[in-house]
>>> print(open('structure03.cif').read())   # mmCIF, C-alpha atoms
data_work
loop_
_atom_site.group_PDB
_atom_site.id
_atom_site.type_symbol
_atom_site.label_atom_id
_atom_site.label_comp_id
_atom_site.auth_asym_id
_atom_site.auth_seq_id
_atom_site.Cartn_x
_atom_site.Cartn_y
_atom_site.Cartn_z
ATOM 1 C CA MET B 1 -109.640 138.304 76.646
ATOM 2 C CA HIS B 2 -107.909 141.179 74.907
ATOM 3 C CA PRO B 3 -109.057 141.465 71.278
ATOM 4 C CA PHE B 4 -105.474 141.176 70.018
ATOM 5 C CA ALA B 5 -104.864 138.003 72.023
ATOM 6 C CA PHE B 6 -108.124 136.549 70.737
ATOM 7 C CA MET B 7 -107.039 137.293 67.168
ATOM 8 C CA LEU B 8 -103.692 135.512 67.725
ATOM 9 C CA ARG B 9 -105.465 132.425 69.079
ATOM 10 C CA ALA B 10 -107.862 132.407 66.145
ATOM 11 C CA LEU B 11 -105.015 132.635 63.663
ATOM 12 C CA SER B 12 -103.243 129.755 65.440
ATOM 13 C CA VAL B 13 -106.326 127.547 65.213
ATOM 14 C CA ILE B 14 -106.715 128.339 61.510
ATOM 15 C CA ALA B 15 -103.055 127.489 60.899
ATOM 16 C CA LEU B 16 -103.417 124.153 62.711
ATOM 17 C CA THR B 17 -106.744 123.127 61.206
ATOM 18 C CA GLY B 18 -106.655 124.523 57.697
ATOM 19 C CA ALA B 19 -109.587 126.032 55.892
ATOM 20 C CA THR B 20 -111.741 122.930 56.328
ATOM 21 C CA GLY B 21 -111.571 123.004 60.113
ATOM 22 C CA VAL B 22 -109.997 119.507 60.114
ATOM 23 C CA PRO B 23 -106.676 119.228 61.991
ATOM 24 C CA VAL B 24 -103.682 119.118 59.669
ATOM 25 C CA ALA B 25 -101.784 115.820 60.126
ATOM 26 C CA ALA B 26 -98.042 115.584 60.314
ATOM 27 C CA ALA B 27 -96.288 114.460 57.147
ATOM 28 C CA ALA B 28 -97.171 110.848 56.461
ATOM 29 C CA TYR B 29 -94.425 108.244 56.912
ATOM 30 C CA PRO B 30 -92.348 107.794 54.902
ATOM 31 C CA ASP B 31 -91.676 111.170 53.309
ATOM 32 C CA LYS B 32 -87.999 110.572 52.494
ATOM 33 C CA PRO B 33 -85.747 107.626 51.549
ATOM 34 C CA ILE B 34 -85.246 104.762 54.027
ATOM 35 C CA ARG B 35 -81.834 103.271 54.732
ATOM 36 C CA LEU B 36 -81.552 99.518 55.237
ATOM 37 C CA ILE B 37 -78.225 98.731 56.918
ATOM 38 C CA VAL B 38 -76.627 95.375 56.168
ATOM 39 C CA PRO B 39 -73.915 94.476 58.716
ATOM 40 C CA TYR B 40 -71.989 92.478 56.112
ATOM 41 C CA ALA B 41 -70.000 93.327 53.000
ATOM 42 C CA ALA B 42 -71.818 93.540 49.671
ATOM 43 C CA GLY B 43 -72.444 90.319 47.795
ATOM 44 C CA GLY B 44 -73.267 87.927 50.622
ATOM 45 C CA GLY B 45 -76.569 86.264 51.379
ATOM 46 C CA ALA B 46 -77.850 88.939 53.759
ATOM 47 C CA ASP B 47 -76.942 91.649 51.258
ATOM 48 C CA THR B 48 -78.620 89.766 48.412
ATOM 49 C CA ALA B 49 -81.829 89.338 50.405
ATOM 50 C CA ALA B 50 -81.790 92.969 51.558
ATOM 51 C CA ARG B 51 -81.462 94.280 48.013
ATOM 52 C CA MET B 52 -84.357 92.170 46.756
ATOM 53 C CA ILE B 53 -86.553 93.328 49.641
ATOM 54 C CA ALA B 54 -85.512 96.955 49.124
ATOM 55 C CA ARG B 55 -86.293 96.832 45.398
ATOM 56 C CA LYS B 56 -89.744 95.354 45.938
ATOM 57 C CA LEU B 57 -90.571 97.470 48.992
ATOM 58 C CA ALA B 58 -89.837 100.853 47.408
ATOM 59 C CA PRO B 59 -92.901 101.037 45.118
ATOM 60 C CA LEU B 60 -95.181 99.812 47.915
ATOM 61 C CA ILE B 61 -94.228 102.617 50.283
ATOM 62 C CA GLY B 62 -93.533 105.281 47.666
ATOM 63 C CA GLN B 63 -89.942 105.921 48.715
ATOM 64 C CA THR B 64 -86.507 104.706 47.756
ATOM 65 C CA VAL B 65 -85.018 102.084 50.078
ATOM 66 C CA VAL B 66 -81.242 102.414 50.039
ATOM 67 C CA VAL B 67 -79.138 99.425 51.109
ATOM 68 C CA GLU B 68 -75.941 100.391 52.932
ATOM 69 C CA ASN B 69 -73.232 97.932 53.935
ATOM 70 C CA LYS B 70 -71.513 98.427 57.297
ATOM 71 C CA PRO B 71 -69.520 95.229 57.859
ATOM 72 C CA GLY B 72 -67.210 94.344 60.705
ATOM 73 C CA GLY B 73 -67.039 92.974 64.211
ATOM 74 C CA ALA B 74 -69.225 89.946 63.470
ATOM 75 C CA THR B 75 -72.075 92.349 62.542
ATOM 76 C CA GLN B 76 -71.494 94.511 65.636
ATOM 77 C CA ILE B 77 -70.559 97.664 63.709
ATOM 78 C CA GLY B 78 -73.692 97.797 61.574
ATOM 79 C CA THR B 79 -75.946 96.662 64.403
ATOM 80 C CA ALA B 80 -74.574 99.265 66.819
ATOM 81 C CA TYR B 81 -75.064 101.948 64.155
ATOM 82 C CA VAL B 82 -78.773 101.196 63.864
ATOM 83 C CA ALA B 83 -79.201 100.755 67.627
ATOM 84 C CA ALA B 84 -77.950 104.334 68.080
ATOM 85 C CA ALA B 85 -80.007 105.806 65.204
ATOM 86 C CA ALA B 86 -83.061 108.005 65.605
ATOM 87 C CA PRO B 87 -86.199 105.869 66.164
ATOM 88 C CA ASP B 88 -88.069 107.397 63.243
ATOM 89 C CA GLY B 89 -88.283 104.482 60.818
ATOM 90 C CA TYR B 90 -85.725 105.869 58.387
ATOM 91 C CA THR B 91 -82.770 103.729 59.514
ATOM 92 C CA LEU B 92 -83.423 99.985 59.623
ATOM 93 C CA LEU B 93 -81.245 96.920 60.108
ATOM 94 C CA MET B 94 -81.126 93.679 58.184
ATOM 95 C CA GLY B 95 -80.663 91.765 61.401
ATOM 96 C CA THR B 96 -78.981 88.383 61.298
ATOM 97 C CA ALA B 97 -78.701 85.304 63.477
ATOM 98 C CA ASN B 98 -75.824 87.131 65.172
ATOM 99 C CA LEU B 99 -78.542 88.927 67.151
ATOM 100 C CA ALA B 100 -78.883 85.615 68.984
ATOM 101 C CA THR B 101 -75.332 84.285 68.935
ATOM 102 C CA ASN B 102 -73.363 87.464 69.697
ATOM 103 C CA SER B 103 -75.075 87.865 73.051
ATOM 104 C CA VAL B 104 -73.887 84.334 73.879
ATOM 105 C CA LEU B 105 -70.359 84.560 72.455
ATOM 106 C CA TYR B 106 -69.266 88.041 73.562
ATOM 107 C CA LYS B 107 -68.950 89.231 77.139
ATOM 108 C CA LYS B 108 -69.682 92.818 76.134
ATOM 109 C CA LEU B 109 -71.450 94.272 73.111
ATOM 110 C CA PRO B 110 -71.714 97.930 72.043
ATOM 111 C CA TYR B 111 -75.507 97.638 72.185
ATOM 112 C CA ASP B 112 -78.227 95.841 74.125
ATOM 113 C CA THR B 113 -80.250 93.857 71.604
ATOM 114 C CA GLN B 114 -83.399 93.743 73.731
ATOM 115 C CA LYS B 115 -83.303 97.362 74.881
ATOM 116 C CA ARG B 116 -81.988 99.158 71.791
ATOM 117 C CA LEU B 117 -83.642 97.277 68.931
ATOM 118 C CA THR B 118 -87.186 96.210 68.130
ATOM 119 C CA PRO B 119 -88.304 93.509 65.662
ATOM 120 C CA VAL B 120 -90.165 94.455 62.494
ATOM 121 C CA VAL B 121 -90.438 91.184 60.572
ATOM 122 C CA TRP B 122 -88.648 87.858 60.144
ATOM 123 C CA ALA B 123 -87.684 87.908 56.477
ATOM 124 C CA THR B 124 -85.875 84.695 55.573
ATOM 125 C CA ASP B 125 -84.804 81.357 56.987
ATOM 126 C CA VAL B 126 -81.556 80.078 55.500
ATOM 127 C CA PRO B 127 -80.792 76.414 56.252
ATOM 128 C CA VAL B 128 -77.245 75.210 56.688
ATOM 129 C CA TYR B 129 -75.928 72.599 54.234
ATOM 130 C CA LEU B 130 -73.284 69.938 54.742
ATOM 131 C CA LEU B 131 -70.975 70.294 51.737
ATOM 132 C CA LEU B 132 -68.236 68.119 50.281
ATOM 133 C CA PRO B 133 -65.939 68.773 47.325
ATOM 134 C CA ALA B 134 -67.271 67.085 44.202
ATOM 135 C CA ALA B 135 -64.111 64.979 44.037
ATOM 136 C CA SER B 136 -64.571 63.601 47.551
ATOM 137 C CA PRO B 137 -64.769 59.787 47.652
ATOM 138 C CA HIS B 138 -67.119 59.955 50.639
ATOM 139 C CA ARG B 139 -70.774 59.526 49.699
ATOM 140 C CA SER B 140 -72.481 58.887 53.038
ATOM 141 C CA LEU B 141 -72.308 59.673 56.730
ATOM 142 C CA ASP B 142 -71.021 56.156 57.350
ATOM 143 C CA ALA B 143 -68.194 56.839 54.907
ATOM 144 C CA LEU B 144 -67.359 60.054 56.750
ATOM 145 C CA LYS B 145 -67.248 58.148 60.034
ATOM 146 C CA VAL B 146 -64.882 55.577 58.574
ATOM 147 C CA ALA B 147 -62.648 58.297 57.141
ATOM 148 C CA ALA B 148 -62.655 60.169 60.457
ATOM 149 C CA ALA B 149 -61.576 57.002 62.288
ATOM 150 C CA GLN B 150 -58.805 56.337 59.795
ATOM 151 C CA GLU B 151 -57.517 59.925 59.800
ATOM 152 C CA GLN B 152 -58.136 60.612 63.500
ATOM 153 C CA GLY B 153 -60.699 63.234 62.688
ATOM 154 C CA LEU B 154 -61.711 65.508 59.838
ATOM 155 C CA THR B 155 -61.469 69.247 59.280
ATOM 156 C CA PHE B 156 -64.406 71.447 58.395
ATOM 157 C CA ALA B 157 -64.471 74.994 57.074
ATOM 158 C CA THR B 158 -66.888 77.811 57.778
ATOM 159 C CA ALA B 159 -67.016 81.553 57.245
ATOM 160 C CA GLY B 160 -66.022 82.271 60.837
ATOM 161 C CA THR B 161 -65.949 81.234 64.461
ATOM 162 C CA GLY B 162 -69.306 81.533 66.174
ATOM 163 C CA SER B 163 -71.319 81.646 62.961
ATOM 164 C CA ILE B 164 -74.430 79.498 62.695
ATOM 165 C CA PRO B 165 -72.680 77.134 60.232
ATOM 166 C CA HIS B 166 -69.807 76.769 62.713
ATOM 167 C CA LEU B 167 -72.152 75.997 65.596
ATOM 168 C CA ALA B 168 -74.083 73.602 63.359
ATOM 169 C CA GLY B 169 -70.826 71.774 62.640
ATOM 170 C CA GLU B 170 -70.074 71.505 66.348
ATOM 171 C CA GLN B 171 -73.550 70.130 67.012
ATOM 172 C CA PHE B 172 -73.178 67.692 64.101
ATOM 173 C CA ALA B 173 -69.915 66.389 65.574
ATOM 174 C CA HIS B 174 -71.549 65.946 68.969
ATOM 175 C CA GLN B 175 -74.580 64.123 67.572
ATOM 176 C CA THR B 176 -72.708 61.802 65.192
ATOM 177 C CA GLY B 177 -69.559 61.174 67.201
ATOM 178 C CA ILE B 178 -67.466 62.199 64.172
ATOM 179 C CA PRO B 179 -64.437 64.123 65.486
ATOM 180 C CA LEU B 180 -64.242 67.416 63.602
ATOM 181 C CA ARG B 181 -61.733 70.234 63.821
ATOM 182 C CA HIS B 182 -62.988 73.673 62.852
ATOM 183 C CA ILE B 183 -60.976 75.783 60.395
ATOM 184 C CA PRO B 184 -62.434 79.320 60.237
ATOM 185 C CA TYR B 185 -62.051 81.533 57.165
ATOM 186 C CA LYS B 186 -62.756 85.208 56.580
ATOM 187 C CA GLY B 187 -65.766 84.483 54.416
ATOM 188 C CA SER B 188 -67.756 81.852 52.564
ATOM 189 C CA SER B 189 -65.841 82.269 49.320
ATOM 190 C CA GLU B 190 -62.518 81.601 51.056
ATOM 191 C CA ALA B 191 -63.979 78.576 52.868
ATOM 192 C CA ALA B 192 -65.397 77.208 49.611
ATOM 193 C CA THR B 193 -62.077 77.711 47.822
ATOM 194 C CA ALA B 194 -60.275 75.818 50.587
ATOM 195 C CA LEU B 195 -62.802 72.986 50.359
ATOM 196 C CA VAL B 196 -62.514 72.700 46.585
ATOM 197 C CA GLY B 197 -58.723 72.829 46.869
ATOM 198 C CA GLY B 198 -58.585 70.019 49.408
ATOM 199 C CA GLN B 199 -57.277 72.071 52.348
ATOM 200 C CA VAL B 200 -60.282 70.868 54.377
ATOM 201 C CA GLN B 201 -62.490 67.816 53.976
ATOM 202 C CA LEU B 202 -65.984 69.232 54.419
ATOM 203 C CA SER B 203 -67.824 72.418 55.279
ATOM 204 C CA PHE B 204 -71.068 73.762 56.637
ATOM 205 C CA ASP B 205 -72.560 76.824 55.008
ATOM 206 C CA ASN B 206 -75.668 78.401 53.598
ATOM 207 C CA LEU B 207 -76.281 77.700 49.936
ATOM 208 C CA ALA B 208 -76.439 81.304 48.667
ATOM 209 C CA PRO B 209 -72.769 82.283 49.079
ATOM 210 C CA VAL B 210 -71.485 79.036 47.528
ATOM 211 C CA TYR B 211 -74.212 78.655 44.911
ATOM 212 C CA ALA B 212 -71.857 79.377 42.006
ATOM 213 C CA GLN B 213 -69.493 76.624 43.143
ATOM 214 C CA VAL B 214 -72.391 74.185 43.436
ATOM 215 C CA GLN B 215 -73.727 75.143 40.004
ATOM 216 C CA ALA B 216 -70.268 74.697 38.513
ATOM 217 C CA GLY B 217 -70.098 71.181 39.955
ATOM 218 C CA ARG B 218 -67.163 71.886 42.255
ATOM 219 C CA LEU B 219 -69.114 71.459 45.498
ATOM 220 C CA ARG B 220 -71.708 68.828 46.359
ATOM 221 C CA PRO B 221 -74.471 69.427 48.913
ATOM 222 C CA VAL B 222 -74.739 66.207 50.917
ATOM 223 C CA ALA B 223 -77.543 67.133 53.294
ATOM 224 C CA ILE B 224 -79.581 70.070 54.524
ATOM 225 C CA ALA B 225 -80.089 70.872 58.211
ATOM 226 C CA ALA B 226 -83.781 71.651 57.832
ATOM 227 C CA ALA B 227 -87.118 70.155 58.765
ATOM 228 C CA ALA B 228 -87.875 69.456 55.096
ATOM 229 C CA ARG B 229 -86.058 69.252 51.786
ATOM 230 C CA ASN B 230 -85.659 72.373 49.676
ATOM 231 C CA PRO B 231 -87.968 72.009 46.625
ATOM 232 C CA GLU B 232 -85.229 73.621 44.527
ATOM 233 C CA GLN B 233 -82.782 70.854 45.546
ATOM 234 C CA PRO B 234 -85.147 67.885 45.957
ATOM 235 C CA ASP B 235 -82.366 65.284 45.754
ATOM 236 C CA VAL B 236 -80.582 66.660 48.829
ATOM 237 C CA PRO B 237 -81.885 64.833 51.937
ATOM 238 C CA THR B 238 -82.315 66.373 55.346
ATOM 239 C CA LEU B 239 -79.874 65.410 58.070
ATOM 240 C CA THR B 240 -82.841 64.085 60.033
ATOM 241 C CA GLU B 241 -83.550 61.634 57.209
ATOM 242 C CA LEU B 242 -79.954 60.441 57.573
ATOM 243 C CA GLY B 243 -80.392 59.862 61.277
ATOM 244 C CA VAL B 244 -78.989 63.157 62.587
ATOM 245 C CA PRO B 245 -81.745 65.288 64.181
ATOM 246 C CA LEU B 246 -80.051 68.583 63.392
ATOM 247 C CA VAL B 247 -81.985 71.672 62.295
ATOM 248 C CA ALA B 248 -79.820 74.758 61.916
ATOM 249 C CA SER B 249 -80.469 77.924 59.973
ATOM 250 C CA SER B 250 -79.016 81.314 59.528
ATOM 251 C CA TRP B 251 -81.821 83.847 59.324
ATOM 252 C CA TRP B 252 -82.350 87.475 58.482
ATOM 253 C CA GLY B 253 -85.026 89.917 59.462
ATOM 254 C CA VAL B 254 -85.682 93.621 59.631
ATOM 255 C CA MET B 255 -85.115 95.463 62.915
ATOM 256 C CA ALA B 256 -85.650 99.089 63.916
ATOM 257 C CA PRO B 257 -84.259 101.230 66.730
ATOM 258 C CA ALA B 258 -86.199 100.849 69.965
ATOM 259 C CA GLY B 259 -88.789 103.552 70.373
ATOM 260 C CA THR B 260 -89.833 103.593 66.714
ATOM 261 C CA PRO B 261 -93.553 104.519 66.622
ATOM 262 C CA PRO B 262 -95.844 101.456 66.649
ATOM 263 C CA ALA B 263 -97.703 102.768 63.601
ATOM 264 C CA THR B 264 -94.432 102.858 61.663
ATOM 265 C CA ILE B 265 -93.567 99.305 62.739
ATOM 266 C CA THR B 266 -97.043 98.147 61.689
ATOM 267 C CA LEU B 267 -96.739 99.785 58.275
ATOM 268 C CA LEU B 268 -93.293 98.354 57.615
ATOM 269 C CA ASN B 269 -94.372 94.918 58.798
ATOM 270 C CA SER B 270 -97.409 94.793 56.524
ATOM 271 C CA GLN B 271 -95.557 96.018 53.444
ATOM 272 C CA ILE B 272 -92.525 93.749 53.913
ATOM 273 C CA ASN B 273 -94.916 90.837 54.442
ATOM 274 C CA ALA B 274 -96.440 91.735 51.071
ATOM 275 C CA VAL B 275 -92.954 91.631 49.527
ATOM 276 C CA LEU B 276 -92.253 88.229 51.076
ATOM 277 C CA ALA B 277 -95.539 86.875 49.705
ATOM 278 C CA ASP B 278 -94.606 87.917 46.156
ATOM 279 C CA PRO B 279 -94.185 84.713 44.076
ATOM 280 C CA GLU B 280 -91.156 86.165 42.285
ATOM 281 C CA VAL B 281 -89.443 86.884 45.601
ATOM 282 C CA ARG B 282 -90.245 83.457 46.991
ATOM 283 C CA ARG B 283 -88.886 81.708 43.880
ATOM 284 C CA TYR B 284 -85.750 83.853 43.915
ATOM 285 C CA PHE B 285 -85.050 83.110 47.560
ATOM 286 C CA ALA B 286 -85.785 79.394 47.164
ATOM 287 C CA GLY B 287 -83.288 79.151 44.328
ATOM 288 C CA LEU B 288 -80.607 80.464 46.692
ATOM 289 C CA GLY B 289 -81.525 78.097 49.500
ATOM 290 C CA MET B 290 -83.571 80.682 51.394
ATOM 291 C CA ARG B 291 -87.159 80.461 52.586
ATOM 292 C CA ALA B 292 -89.297 83.599 52.758
ATOM 293 C CA VAL B 293 -90.973 83.704 56.186
ATOM 294 C CA GLY B 294 -92.874 86.843 57.230
ATOM 295 C CA GLY B 295 -95.200 87.149 60.215
ATOM 296 C CA THR B 296 -95.672 89.546 63.110
ATOM 297 C CA PRO B 297 -93.015 91.522 64.997
ATOM 298 C CA ASP B 298 -93.827 89.501 68.128
ATOM 299 C CA ALA B 299 -93.253 86.214 66.286
ATOM 300 C CA PHE B 300 -89.843 87.433 65.150
ATOM 301 C CA GLY B 301 -88.993 88.499 68.693
ATOM 302 C CA ARG B 302 -89.892 85.059 70.016
ATOM 303 C CA HIS B 303 -87.737 83.446 67.330
ATOM 304 C CA ILE B 304 -84.713 85.511 68.372
ATOM 305 C CA ALA B 305 -85.230 84.484 72.007
ATOM 306 C CA THR B 306 -85.571 80.792 71.100
ATOM 307 C CA GLU B 307 -82.454 80.852 68.938
ATOM 308 C CA THR B 308 -80.476 82.557 71.696
ATOM 309 C CA ASP B 309 -81.318 79.769 74.134
ATOM 310 C CA LYS B 310 -80.647 77.042 71.553
ATOM 311 C CA TRP B 311 -77.180 78.217 70.555
ATOM 312 C CA ARG B 312 -76.174 79.099 74.096
ATOM 313 C CA ALA B 313 -76.444 75.390 74.900
ATOM 314 C CA VAL B 314 -74.288 74.438 71.889
ATOM 315 C CA VAL B 315 -71.641 77.065 72.705
ATOM 316 C CA ARG B 316 -71.343 75.746 76.241
ATOM 317 C CA GLN B 317 -71.289 72.092 75.199
ATOM 318 C CA ALA B 318 -68.632 72.667 72.494
ATOM 319 C CA GLY B 319 -66.623 75.202 74.501
ATOM 320 C CA VAL B 320 -66.629 77.726 71.645
ATOM 321 C CA LYS B 321 -64.513 80.785 72.454
ATOM 322 C CA ILE B 322 -64.207 84.112 70.684
ATOM 323 C CA GLU B 323 -60.930 86.000 70.967
ATOM 324 C CA GLU B 324 -61.881 89.596 71.795
#
>>> encode(input="structure03.cif", output="structure tokens")
Amino acid sequence: MHPFAFMLRALSVIALTGATGVPVAAAAYPDKPIRLIVPYAAGGGADTAARMIARKLAPLIGQTVVVENKPGGATQIGTAYVAAAAPDGYTLLMGTANLATNSVLYKKLPYDTQKRLTPVVWATDVPVYLLLPAASPHRSLDALKVAAAQEQGLTFATAGTGSIPHLAGEQFAHQTGIPLRHIPYKGSSEAATALVGGQVQLSFDNLAPVYAQVQAGRLRPVAIAAAARNPEQPDVPTLTELGVPLVASSWWGVMAPAGTPPATITLLNSQINAVLADPEVRRYFAGLGMRAVGGTPDAFGRHIATETDKWRAVVRQAGVKIEE
């Protein structure tokens, strides 16, 4: 080998290994702020959960976690944004139950959930509540059945067609035989206002977005569609206890673009699990009707698949249609 060429190779080795002779590693992840995209407007349940997770996660990973809201299209805009992002761990999604329902409700999506996104961790489970206005004279399911027979059906409000609360309402009607007509609103606050004002007779929703109305005594949770009562609302029975075997939850979890390095997924999973195990976080979520979950990426992936199958059956049975 020519002496000059040998010298160049030697200098290259020194540059790559450093003075100690140990190979120099690439910059450790993360070495810049992480963006957590929420596909809803600020202030809702998913946004609230994302901001708590971001605040607690930042000191664990040594970087700022910035929450960005990209609402629209029943979460399609924010989800498509992350699906098209670089798979480097710096753009994440607060994925919602729409990951399961959108693939059932829409003929065409701007992303392929299975091919373009990968699970990181299931963050929260958010049971659906059956809500009545505090002034409602109805105090039981039997009373609702009587009222429905007298009025030839009842109306129920939700934050939108195809949402988990909407599908839960459709399943409730099927299981109880109570004829219900769905009235969709642009958001939970509008649905709650309509319920308090008497424009509709009942609603299905998560507790977090209507918590202020409940606290103020304007709305009354009648039952929770969960396997067990919420310890923060111990007087609210499950629908199963009332004879309706309905379990329905919205849920949120962190997703990353497909192709994100496994080591990055592992790191994020372990640190977000640590956040979800924090007693302060668990108490905060419980107070808003949320349950911190956690677990492996594979477990979250299986949950998404199970939910997709479950709600596909309800959509077909109820004939739910989305106007595209």
>>> closest_residue(input="structure03.cif", among="B:Val314, B:Ile322, B:Ala226, B:Val67", to="B:Leu36", atoms="all atoms listed in the file")
B:Val67
>>> resolve_selection(input="structure03.cif", expression="the PyMOL selection byres ((chain B and resi 201) around 6)", output="list in words")
Thr155, Val200 and Leu202 of chain B
>>> residues_around(input="structure03.cif", residues="B:Asp142", least_positions_apart="5", cutoff="10 Å", atoms="all atoms listed in the file", output="VMD selection string")
chain B and resid 147 to 148 176 178 242
>>> write_last_selection(input="structure03.cif", atoms="C-alpha atoms", output="PDB file, in the coordinates of the input")
ATOM      1  CA  ALA B 147     -62.648  58.297  57.141  1.00  0.00           C
ATOM      2  CA  ALA B 148     -62.655  60.169  60.457  1.00  0.00           C
ATOM      3  CA  THR B 176     -72.708  61.802  65.192  1.00  0.00           C
ATOM      4  CA  ILE B 178     -67.466  62.199  64.172  1.00  0.00           C
ATOM      5  CA  LEU B 242     -79.954  60.441  57.573  1.00  0.00           C
TER       6      LEU B 242
END
>>> atom_distance(input="structure03.cif", atom1="atom CA of B:Gly73", atom2="atom CA of B:Gln171")
23.9 Å
>>> atom_distance(input="structure03.cif", atom1="atom CA of B:Ala143", atom2="atom CA of B:Glu170")
18.7 Å
>>> resolve_selection(input="structure03.cif", expression="the PyMOL selection byres ((chain B and resi 294-304) around 6)", output="list in words")
Ala100, Pro119, Val120, Val121, Trp122, Ala123, Asn273, Val293, Ala305, Thr306 and Glu307 of chain B
>>> write_last_selection(input="structure03.cif", atoms="C-alpha atoms", output="short mmCIF file (atom, residue, chain, number, x, y, z; two decimals), keeping the file's coordinate frame")
data_model
loop_
_atom_site.label_atom_id
_atom_site.label_comp_id
_atom_site.auth_asym_id
_atom_site.auth_seq_id
_atom_site.Cartn_x
_atom_site.Cartn_y
_atom_site.Cartn_z
CA ALA B 100 -78.88 85.62 68.98
CA PRO B 119 -88.30 93.51 65.66
CA VAL B 120 -90.16 94.46 62.49
CA VAL B 121 -90.44 91.18 60.57
CA TRP B 122 -88.65 87.86 60.14
CA ALA B 123 -87.68 87.91 56.48
CA ASN B 273 -94.92 90.84 54.44
CA VAL B 293 -90.97 83.70 56.19
CA ALA B 305 -85.23 84.48 72.01
CA THR B 306 -85.57 80.79 71.10
CA GLU B 307 -82.45 80.85 68.94
#
>>> closest_residue(input="structure03.cif", among="B:Gly72, B:Gly45, B:Gly187, B:Pro39", to="B:Leu99", atoms="only C-alpha atoms")
B:Pro39
>>> atom_distance(input="structure03.cif", atom1="atom CA of B:Ala168", atom2="atom CA of B:Asp235")
21.2 Å
>>> residues_around(input="structure03.cif", residues="B:Pro245", least_positions_apart="6", cutoff="12 Å", atoms="all atoms listed in the file", output="list in words")
Ala168, Gln171, Phe172, Ala173, His174, Gln175, Thr176, Ala223, Ile224, Ala225, Ala226, Ala227, Ala228, Thr238 and Leu239 of chain B
>>> closest_residue(input="structure03.cif", among="B:Leu141, B:Leu105, B:Leu117, B:Ile37", to="B:Ile265", atoms="all atoms listed in the file")
B:Leu117
>>> decode(input="structure03.cif", residues="stretch 244-255 of chain B", atoms="N, CA and C atoms", output="PDB file, in the first residue's frame")
ATOM      1  N   VAL B 244     -76.882  -4.859  31.579  1.00  0.00           N
ATOM      2  CA  VAL B 244     -76.496  -4.582  30.190  1.00  0.00           C
ATOM      3  C   VAL B 244     -75.009  -4.887  30.037  1.00  0.00           C
ATOM      4  N   PRO B 245     -74.646  -6.000  29.413  1.00  0.00           N
ATOM      5  CA  PRO B 245     -73.234  -6.400  29.336  1.00  0.00           C
ATOM      6  C   PRO B 245     -72.460  -5.594  28.288  1.00  0.00           C
ATOM      7  N   LEU B 246     -72.336  -4.311  28.563  1.00  0.00           N
ATOM      8  CA  LEU B 246     -71.678  -3.403  27.620  1.00  0.00           C
ATOM      9  C   LEU B 246     -70.396  -2.854  28.231  1.00  0.00           C
ATOM     10  N   VAL B 247     -69.275  -3.108  27.574  1.00  0.00           N
ATOM     11  CA  VAL B 247     -67.988  -2.533  27.960  1.00  0.00           C
ATOM     12  C   VAL B 247     -67.487  -1.753  26.753  1.00  0.00           C
ATOM     13  N   ALA B 248     -67.329  -0.458  26.921  1.00  0.00           N
ATOM     14  CA  ALA B 248     -66.918   0.396  25.807  1.00  0.00           C
ATOM     15  C   ALA B 248     -66.012   1.503  26.327  1.00  0.00           C
ATOM     16  N   SER B 249     -64.874   1.640  25.704  1.00  0.00           N
ATOM     17  CA  SER B 249     -63.911   2.646  26.136  1.00  0.00           C
ATOM     18  C   SER B 249     -63.267   3.328  24.940  1.00  0.00           C
ATOM     19  N   SER B 250     -63.110   4.623  25.081  1.00  0.00           N
ATOM     20  CA  SER B 250     -62.155   5.311  24.234  1.00  0.00           C
ATOM     21  C   SER B 250     -60.785   4.948  24.805  1.00  0.00           C
ATOM     22  N   TRP B 251     -59.751   5.099  24.038  1.00  0.00           N
ATOM     23  CA  TRP B 251     -58.418   4.815  24.570  1.00  0.00           C
ATOM     24  C   TRP B 251     -57.393   5.609  23.778  1.00  0.00           C
ATOM     25  N   TRP B 252     -56.276   5.856  24.420  1.00  0.00           N
ATOM     26  CA  TRP B 252     -55.207   6.620  23.803  1.00  0.00           C
ATOM     27  C   TRP B 252     -53.881   5.925  24.064  1.00  0.00           C
ATOM     28  N   GLY B 253     -53.021   5.997  23.084  1.00  0.00           N
ATOM     29  CA  GLY B 253     -51.709   5.389  23.229  1.00  0.00           C
ATOM     30  C   GLY B 253     -50.728   6.008  22.259  1.00  0.00           C
ATOM     31  N   VAL B 254     -49.469   5.861  22.543  1.00  0.00           N
ATOM     32  CA  VAL B 254     -48.434   6.486  21.728  1.00  0.00           C
ATOM     33  C   VAL B 254     -48.050   5.575  20.564  1.00  0.00           C
ATOM     34  N   MET B 255     -47.986   6.175  19.370  1.00  0.00           N
ATOM     35  CA  MET B 255     -47.601   5.487  18.150  1.00  0.00           C
ATOM     36  C   MET B 255     -46.412   6.215  17.537  1.00  0.00           C
TER      37      MET B 255
END
